[in-house]
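Heads up, protein.txt below (compact mmCIF, C-alpha atoms):
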# COMPACT_ATOMS: atom_id res chain seq x y z
CA MET I 899 13.04 7.80 1.93
CA LEU I 900 10.04 10.08 1.64
CA SER I 901 9.43 12.53 4.44
CA SER I 902 6.01 13.03 5.99
CA ARG I 903 6.06 16.58 4.68
CA ASP I 904 6.65 15.37 1.12
CA PHE I 905 3.97 12.73 1.52
CA ASP I 906 1.50 15.39 2.65
CA THR I 907 2.52 17.60 -0.27
CA ILE I 908 1.56 14.81 -2.66
CA VAL I 909 -1.72 14.17 -0.88
CA ARG I 910 -2.64 17.84 -1.08
CA LYS I 911 -1.60 18.16 -4.70
CA LEU I 912 -3.69 15.15 -5.73
CA GLU I 913 -6.60 16.26 -3.52
CA MET I 914 -6.71 12.86 -1.89
CA GLU I 915 -9.18 12.04 0.86
CA ILE I 916 -7.51 11.54 4.23
CA ARG I 917 -8.58 8.99 6.81
CA ASP I 918 -6.66 9.03 10.04
CA GLY I 919 -6.46 5.85 12.05
CA ASP I 920 -3.36 3.94 13.11
CA HIS I 921 -1.93 5.45 9.92
CA ARG I 922 -2.80 8.35 7.71
CA PHE I 923 -4.59 6.72 4.76
CA ALA I 924 -5.02 8.73 1.60
CA LEU I 925 -7.48 7.81 -1.16
CA LEU I 926 -7.66 9.19 -4.67
CA ARG I 927 -11.16 9.23 -6.10
CA HIS I 928 -11.72 9.62 -9.83
CA ASP I 929 -15.19 9.70 -11.40
CA GLY I 930 -16.64 8.48 -8.13
CA ARG I 931 -14.33 5.49 -7.79
CA VAL I 932 -11.44 5.05 -5.42
CA VAL I 933 -8.54 4.31 -7.72
CA ILE I 934 -5.41 4.80 -5.58
CA ARG I 935 -4.62 4.38 -1.93
CA THR I 936 -1.48 5.10 0.00
CA LYS I 937 -0.58 5.70 3.60
CA ARG I 938 2.03 6.92 6.01
CA SER I 939 2.70 6.55 9.68
CA HIS I 940 1.73 9.38 11.97
CA GLY I 941 4.46 11.68 13.15
CA SER I 942 7.51 12.78 11.29
CA LYS I 943 8.86 9.37 10.43
CA SER I 944 10.00 8.95 6.83
CA GLN I 945 8.57 6.22 4.64
CA PRO I 946 10.33 4.07 2.03
CA ALA I 947 9.89 6.04 -1.17
CA HIS I 948 9.90 3.00 -3.44
CA LEU I 949 6.98 1.46 -1.54
CA ILE I 950 4.95 4.65 -1.64
CA ARG I 951 5.82 4.84 -5.32
CA ASN I 952 4.41 1.37 -5.92
CA GLN I 953 1.15 2.35 -4.25
CA LEU I 954 0.92 5.52 -6.32
CA LYS I 955 1.86 3.62 -9.52
CA VAL I 956 4.61 6.04 -10.51
CA ASP I 957 8.32 5.75 -11.21
CA GLU I 958 11.08 7.52 -9.34
CA ALA I 959 11.12 10.61 -11.54
CA GLN I 960 7.34 10.93 -11.44
CA LEU I 961 7.37 10.70 -7.65
CA GLN I 962 9.88 13.54 -7.58
CA GLY I 963 7.61 15.44 -9.92
CA LEU I 964 4.72 15.03 -7.51
CA VAL I 965 6.82 16.26 -4.61
CA GLN I 966 8.16 19.16 -6.59
CA CYS I 967 6.01 21.18 -8.93
CA TRP I 968 6.13 19.84 -12.40
CA LEU I 969 3.79 16.83 -12.23
CA THR I 970 0.22 18.09 -11.90
CA LYS I 971 -2.85 16.16 -10.90
CA PRO I 972 -4.19 16.06 -14.50
CA ALA I 973 -0.82 14.75 -15.68
CA TYR I 974 -0.86 12.14 -12.93
CA ILE I 975 -4.38 11.05 -13.97
CA GLU I 976 -3.04 10.61 -17.50
CA ILE I 977 -0.28 8.38 -16.13
CA LEU I 978 -2.87 6.24 -14.37
CA LYS I 979 -4.89 6.01 -17.57
CA SER I 980 -1.84 4.96 -19.54
CA LYS I 981 -1.27 2.18 -17.00
CA GLN I 982 -4.94 1.20 -17.18
CA ILE I 983 -5.40 1.89 -13.50
CA ILE I 984 -8.26 4.16 -14.52
CA MET C 391 19.93 -18.58 2.12
CA SER C 392 16.49 -17.47 3.09
CA ALA C 393 14.69 -18.62 6.17
CA THR C 394 10.99 -18.81 6.78
CA ALA C 395 8.76 -18.38 9.79
CA TYR C 396 5.11 -19.03 10.23
CA ALA C 397 2.90 -16.94 12.42
CA PHE C 398 -0.60 -18.21 12.93
CA PRO C 399 -3.54 -17.86 15.25
CA PRO C 400 -4.86 -20.92 17.10
CA ARG C 401 -7.73 -21.52 14.66
CA ILE C 402 -5.74 -21.63 11.48
CA GLU C 403 -5.17 -25.04 10.01
CA THR C 404 -2.24 -25.51 7.74
CA GLY C 405 0.11 -28.22 6.70
CA ALA C 406 2.86 -25.70 6.34
CA ILE C 407 3.66 -25.23 9.99
CA LEU C 408 7.36 -25.09 10.38
CA ASP C 409 9.23 -27.58 12.50
CA THR C 410 10.45 -25.46 15.39
CA GLY C 411 13.67 -27.42 15.43
CA SER C 412 15.94 -26.49 18.25
CA SER C 413 14.09 -23.31 19.16
CA PRO C 414 12.04 -24.17 22.24
CA GLU C 415 10.52 -20.70 22.54
CA PRO C 416 8.94 -18.44 19.95
CA GLN C 417 11.51 -15.93 18.81
CA VAL C 418 11.21 -12.88 16.72
CA GLY C 419 14.06 -10.49 16.98
CA GLY C 420 15.59 -9.88 20.31
CA GLY C 421 14.79 -8.20 23.57
CA ASN C 422 11.27 -6.86 23.81
CA THR C 423 10.41 -7.10 20.13
CA ALA C 424 8.70 -10.50 20.23
CA LEU C 425 5.41 -10.61 18.36
CA PRO C 426 2.40 -11.62 20.40
CA GLY C 427 0.88 -14.80 19.06
CA LEU C 428 3.77 -15.62 16.80
CA ILE C 429 4.77 -19.23 17.19
CA GLY C 430 6.55 -21.87 15.21
CA ILE C 431 9.55 -19.68 14.57
CA GLN C 432 12.86 -20.92 13.38
CA GLY C 433 15.75 -18.54 13.87
CA SER C 434 15.56 -14.82 14.47
CA ALA C 435 13.15 -12.56 12.57
CA GLU C 436 15.93 -10.05 12.25
CA ARG C 437 17.61 -12.54 9.93
CA LEU C 438 14.56 -13.84 8.08
CA ASP C 439 13.81 -12.90 4.50
CA LYS C 440 10.25 -14.14 4.43
CA ILE C 441 7.52 -15.01 6.86
CA ASN C 442 4.01 -16.31 6.44
CA LEU C 443 1.84 -14.10 8.56
CA GLY C 444 -1.12 -15.88 10.12
CA THR C 445 -2.50 -13.23 12.41
CA LEU C 446 -3.30 -9.54 12.24
CA PHE C 447 -3.05 -9.17 16.02
CA ASP C 448 -6.62 -7.90 15.96
CA GLY C 449 -9.46 -9.97 17.39
CA ARG C 450 -11.88 -8.63 14.80
CA PHE C 451 -10.12 -10.46 11.98
CA ARG C 452 -8.93 -13.95 11.22
CA VAL C 453 -6.31 -14.88 8.67
CA GLN C 454 -7.73 -17.74 6.66
CA ARG C 455 -4.79 -18.08 4.31
CA PRO C 456 -1.24 -17.22 5.41
CA ILE C 457 0.01 -13.88 4.10
CA PRO C 458 3.40 -14.05 2.38
CA VAL C 459 5.56 -11.27 3.79
CA THR C 460 8.99 -10.24 2.57
CA LEU C 461 11.31 -8.51 5.01
CA ASP C 462 13.40 -5.92 3.22
CA ARG C 463 16.41 -4.48 4.98
CA SER C 464 17.94 -2.78 1.96
CA GLY C 465 17.30 0.76 3.17
CA GLU C 466 16.90 2.50 6.50
CA GLY C 467 15.06 0.27 8.95
CA VAL C 468 13.06 -2.77 7.90
CA SER C 469 10.05 -3.03 5.63
CA ALA C 470 7.57 -5.89 5.88
CA ILE C 471 5.98 -6.12 2.44
CA TRP C 472 3.08 -8.04 0.96
CA HIS C 473 4.08 -7.58 -2.66
CA GLU C 474 0.92 -8.89 -4.26
CA ILE C 475 -1.07 -5.92 -2.99
CA ASP C 476 1.78 -3.40 -2.50
CA GLU C 477 1.11 -3.05 1.21
CA PHE C 478 3.85 -2.65 3.78
CA GLY C 479 4.84 -1.81 7.30
CA HIS C 480 8.06 0.01 8.07
CA ALA C 481 9.94 0.25 11.37
CA ASP C 482 13.31 -0.11 12.98
CA SER C 483 12.90 -3.86 13.47
CA ALA C 484 11.34 -6.72 11.55
CA SER C 485 8.86 -7.55 14.28
CA VAL C 486 7.54 -4.01 14.62
CA ALA C 487 7.43 -3.64 10.84
CA THR C 488 5.33 -6.81 10.68
CA VAL C 489 2.88 -5.47 13.26
CA GLU C 490 2.73 -2.21 11.30
CA LEU C 491 1.88 -4.20 8.19
CA ALA C 492 -0.85 -6.07 10.06
CA ARG C 493 -2.37 -2.79 11.26
CA SER C 494 -2.24 -1.41 7.75
CA LEU C 495 -4.03 -4.48 6.46
CA VAL C 496 -6.82 -4.02 8.98
CA GLU C 497 -7.22 -0.40 7.94
CA LEU C 498 -7.06 -1.28 4.28
CA TYR C 499 -9.63 -4.05 4.71
CA CYS C 500 -12.04 -1.69 6.48
CA THR C 501 -11.52 1.03 3.89
CA LEU C 502 -12.03 -1.21 0.88
CA GLU C 503 -15.02 -2.93 2.47
CA ARG C 504 -16.62 0.47 2.97
CA GLU C 505 -15.86 1.45 -0.63
CA GLN C 506 -16.31 -1.93 -2.27
CA MET C 507 -19.02 -0.71 -4.63
CA ASN C 508 -16.82 2.18 -5.78
CA LEU C 509 -13.40 0.70 -6.43
CA GLY C 510 -11.20 1.15 -9.45
CA ARG C 511 -9.95 -1.99 -11.14
CA ASP C 512 -6.65 -2.25 -9.26
CA LEU C 513 -8.28 -1.78 -5.88
CA GLU C 514 -10.97 -4.27 -6.88
CA ARG C 515 -8.17 -6.77 -7.44
CA ILE C 516 -6.59 -5.90 -4.11
CA TRP C 517 -9.95 -6.25 -2.36
CA ALA C 518 -10.41 -9.69 -3.89
CA VAL C 519 -6.95 -10.77 -2.70
CA LEU C 520 -7.58 -9.39 0.78
CA LYS C 521 -10.83 -11.32 1.08
CA GLN C 522 -9.05 -14.53 0.13
CA HIS C 523 -6.65 -14.11 3.04
CA ILE C 524 -8.58 -12.22 5.70
CA GLU C 525 -12.06 -12.56 7.09
CA PRO C 526 -13.84 -10.71 9.85
CA VAL C 527 -14.69 -12.66 12.96
CA ARG C 528 -18.46 -12.83 13.26
CA ARG C 529 -19.66 -12.65 16.86
Here is a file; write its structure as structure tokens.
Amino acid sequence: MLSSRDFDTIVRKLEMEIRDGDHRFALLRHDGRVVIRTKRSHGSKSQPAHLIRNQLKVDEAQLQGLVQCWLTKPAYIEILKSKQII
Amino acid sequence: MSATAYAFPPRIETGAILDTGSSPEPQVGGGNTALPGLIGIQGSAERLDKINLGTLFDGRFRVQRPIPVTLDRSGEGVSAIWHEIDEFGHADSASVATVELARSLVELYCTLEREQMNLGRDLERIWAVLKQHIEPVRR
């Protein structure tokens, strides 16, 4: 499971746009286009990490890297390029 | 063995409506977790693996093609997942997770509609899939 705190850490690190409604939606914009979206519930409830991972297009280790320090936004963008998301 | 339920609003027309069998009343889960508008249910949602969602529980939107939802109980709680677009709802019960998914879909639809001229290729695909299944109700 991914805590709300960890989710917010990722959103901040990737400089995602936040839209609060029933959920907290987060959008990643690259070169003017919205390329990634993810979301979490409001409050402190944890989210299934593997489902957030699918939305972010990363594997388990890369998700940990986003939560921790070693996977930077530029490195993440490179991952998206390698997967032809961008 | 998997079981299937069909949830649909009154206007949807489908030949895939499940025979309700011996269940005289709509049932999803137990107690107070029944989904509003969910009918044609066979068995308990807490035991189902898949449902076809036919409503978003939001009068602004109509489901024109049933949404295939997988109920995943492999971790903590239950996740209702539409795999094709990687969208989900997560809660303590299948019925609440399904409503969470429906709310997420409404938010996603509104977001992608607003950004439809500025979507990356994966979100363009997701937007196209969403539009095949969901349409706004024009008043």
Find the residues of chain I that sit at most 6 Å from chain C; for each, write down the nearest two atoms and how far apart they are in Å, to one decimal. Count all atoms listed in the file. Sort by chain, then by number going up, and give it as CSV.
residue,atom,partner,partner_atom,distance
I:Arg931,CA,C:Asn508,CA,4.6
I:Val932,CA,C:Leu509,CA,4.9
I:Val933,CA,C:Gly510,CA,4.5
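Between atom CA of C:Arg463 and atom CA of I:Ser901 lies a distance of 18.4 Å.
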Pick from C:Ala470, C:Ala492, C:Ala487, C:Val519 nearest to C:Phe447, counting only C-alpha atoms |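 So, comparing all the options, the nearest one is C:Ala492.
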Just give me the gap between atom CA of C:Leu443 and atom CA of C:Asp462 in Å, one decimal is fine.
->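 We find that atom CA of C:Leu443 and atom CA of C:Asp462 lie 15.1 Å from each other.
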Which polymer residues have any atom within 6 Å of an atom of stretch 919-927 of chain I, counting all atoms listed in the file, with same-chain residues fewer than 4 positions away left out, as a ChimeraX atom specification?
-> /I:914-915,931-940
With 6 Å as the threshold, what does the neighbourhood of (10.9, -12.2, 4.3) contain in terms of residues, counting all atoms listed in the file? Coordinates are those of the file; answer as an mmCIF file with C-alpha atoms, in the frame of the given file.
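Result saved to part.cif:
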data_model
loop_
_atom_site.group_PDB
_atom_site.id
_atom_site.type_symbol
_atom_site.label_atom_id
_atom_site.label_comp_id
_atom_site.auth_asym_id
_atom_site.auth_seq_id
_atom_site.Cartn_x
_atom_site.Cartn_y
_atom_site.Cartn_z
ATOM 1 C CA LEU C 438 14.560 -13.840 8.080
ATOM 2 C CA ASP C 439 13.810 -12.900 4.500
ATOM 3 C CA LYS C 440 10.250 -14.140 4.430
ATOM 4 C CA ILE C 441 7.520 -15.010 6.860
ATOM 5 C CA VAL C 459 5.560 -11.270 3.790
ATOM 6 C CA THR C 460 8.990 -10.240 2.570
ATOM 7 C CA LEU C 461 11.310 -8.510 5.010
#
Output as a compact mmCIF listing (two decimals), in the frame of the given file: stretch 927-948 of chain I, completed with N, CA and C atoms.
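Contents of the output file part-v8.txt:
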# COMPACT_ATOMS: atom_id res chain seq x y z
N ARG I 927 -9.89 9.59 -5.47
CA ARG I 927 -11.16 9.23 -6.10
C ARG I 927 -11.20 9.88 -7.48
N HIS I 928 -11.61 9.10 -8.46
CA HIS I 928 -11.72 9.62 -9.83
C HIS I 928 -13.04 9.11 -10.41
N ASP I 929 -13.85 10.05 -10.87
CA ASP I 929 -15.19 9.70 -11.40
C ASP I 929 -15.96 8.84 -10.41
N GLY I 930 -15.86 9.17 -9.15
CA GLY I 930 -16.64 8.48 -8.13
C GLY I 930 -16.03 7.19 -7.61
N ARG I 931 -14.96 6.75 -8.22
CA ARG I 931 -14.33 5.49 -7.79
C ARG I 931 -13.00 5.75 -7.10
N VAL I 932 -12.73 4.96 -6.09
CA VAL I 932 -11.44 5.05 -5.42
C VAL I 932 -10.44 4.26 -6.26
N VAL I 933 -9.44 4.96 -6.77
CA VAL I 933 -8.54 4.31 -7.72
C VAL I 933 -7.12 4.12 -7.16
N ILE I 934 -6.75 4.89 -6.16
CA ILE I 934 -5.41 4.80 -5.58
C ILE I 934 -5.52 4.95 -4.08
N ARG I 935 -4.73 4.18 -3.37
CA ARG I 935 -4.62 4.38 -1.93
C ARG I 935 -3.13 4.37 -1.56
N THR I 936 -2.82 5.17 -0.57
CA THR I 936 -1.48 5.10 0.00
C THR I 936 -1.61 5.48 1.47
N LYS I 937 -0.51 5.41 2.16
CA LYS I 937 -0.58 5.70 3.60
C LYS I 937 0.80 6.05 4.14
N ARG I 938 0.78 6.70 5.28
CA ARG I 938 2.03 6.92 6.01
C ARG I 938 1.77 6.78 7.49
N SER I 939 2.83 6.58 8.23
CA SER I 939 2.70 6.55 9.68
C SER I 939 2.45 7.96 10.17
N HIS I 940 1.88 8.06 11.36
CA HIS I 940 1.73 9.38 11.97
C HIS I 940 3.09 9.85 12.46
N GLY I 941 3.20 11.14 12.68
CA GLY I 941 4.46 11.68 13.15
C GLY I 941 5.36 12.04 11.99
N SER I 942 6.59 12.26 12.30
CA SER I 942 7.51 12.78 11.29
C SER I 942 8.35 11.70 10.64
N LYS I 943 8.03 10.45 10.93
CA LYS I 943 8.86 9.37 10.43
C LYS I 943 8.81 9.28 8.89
N SER I 944 9.95 9.09 8.28
CA SER I 944 10.00 8.95 6.83
C SER I 944 9.54 7.57 6.41
N GLN I 945 9.07 7.49 5.18
CA GLN I 945 8.57 6.22 4.64
C GLN I 945 9.46 5.81 3.47
N PRO I 946 9.54 4.51 3.19
CA PRO I 946 10.33 4.07 2.03
C PRO I 946 9.71 4.58 0.74
N ALA I 947 10.45 5.39 0.03
CA ALA I 947 9.89 6.04 -1.17
C ALA I 947 9.47 5.03 -2.22
N HIS I 948 10.24 3.95 -2.37
CA HIS I 948 9.90 3.00 -3.44
C HIS I 948 8.59 2.28 -3.15
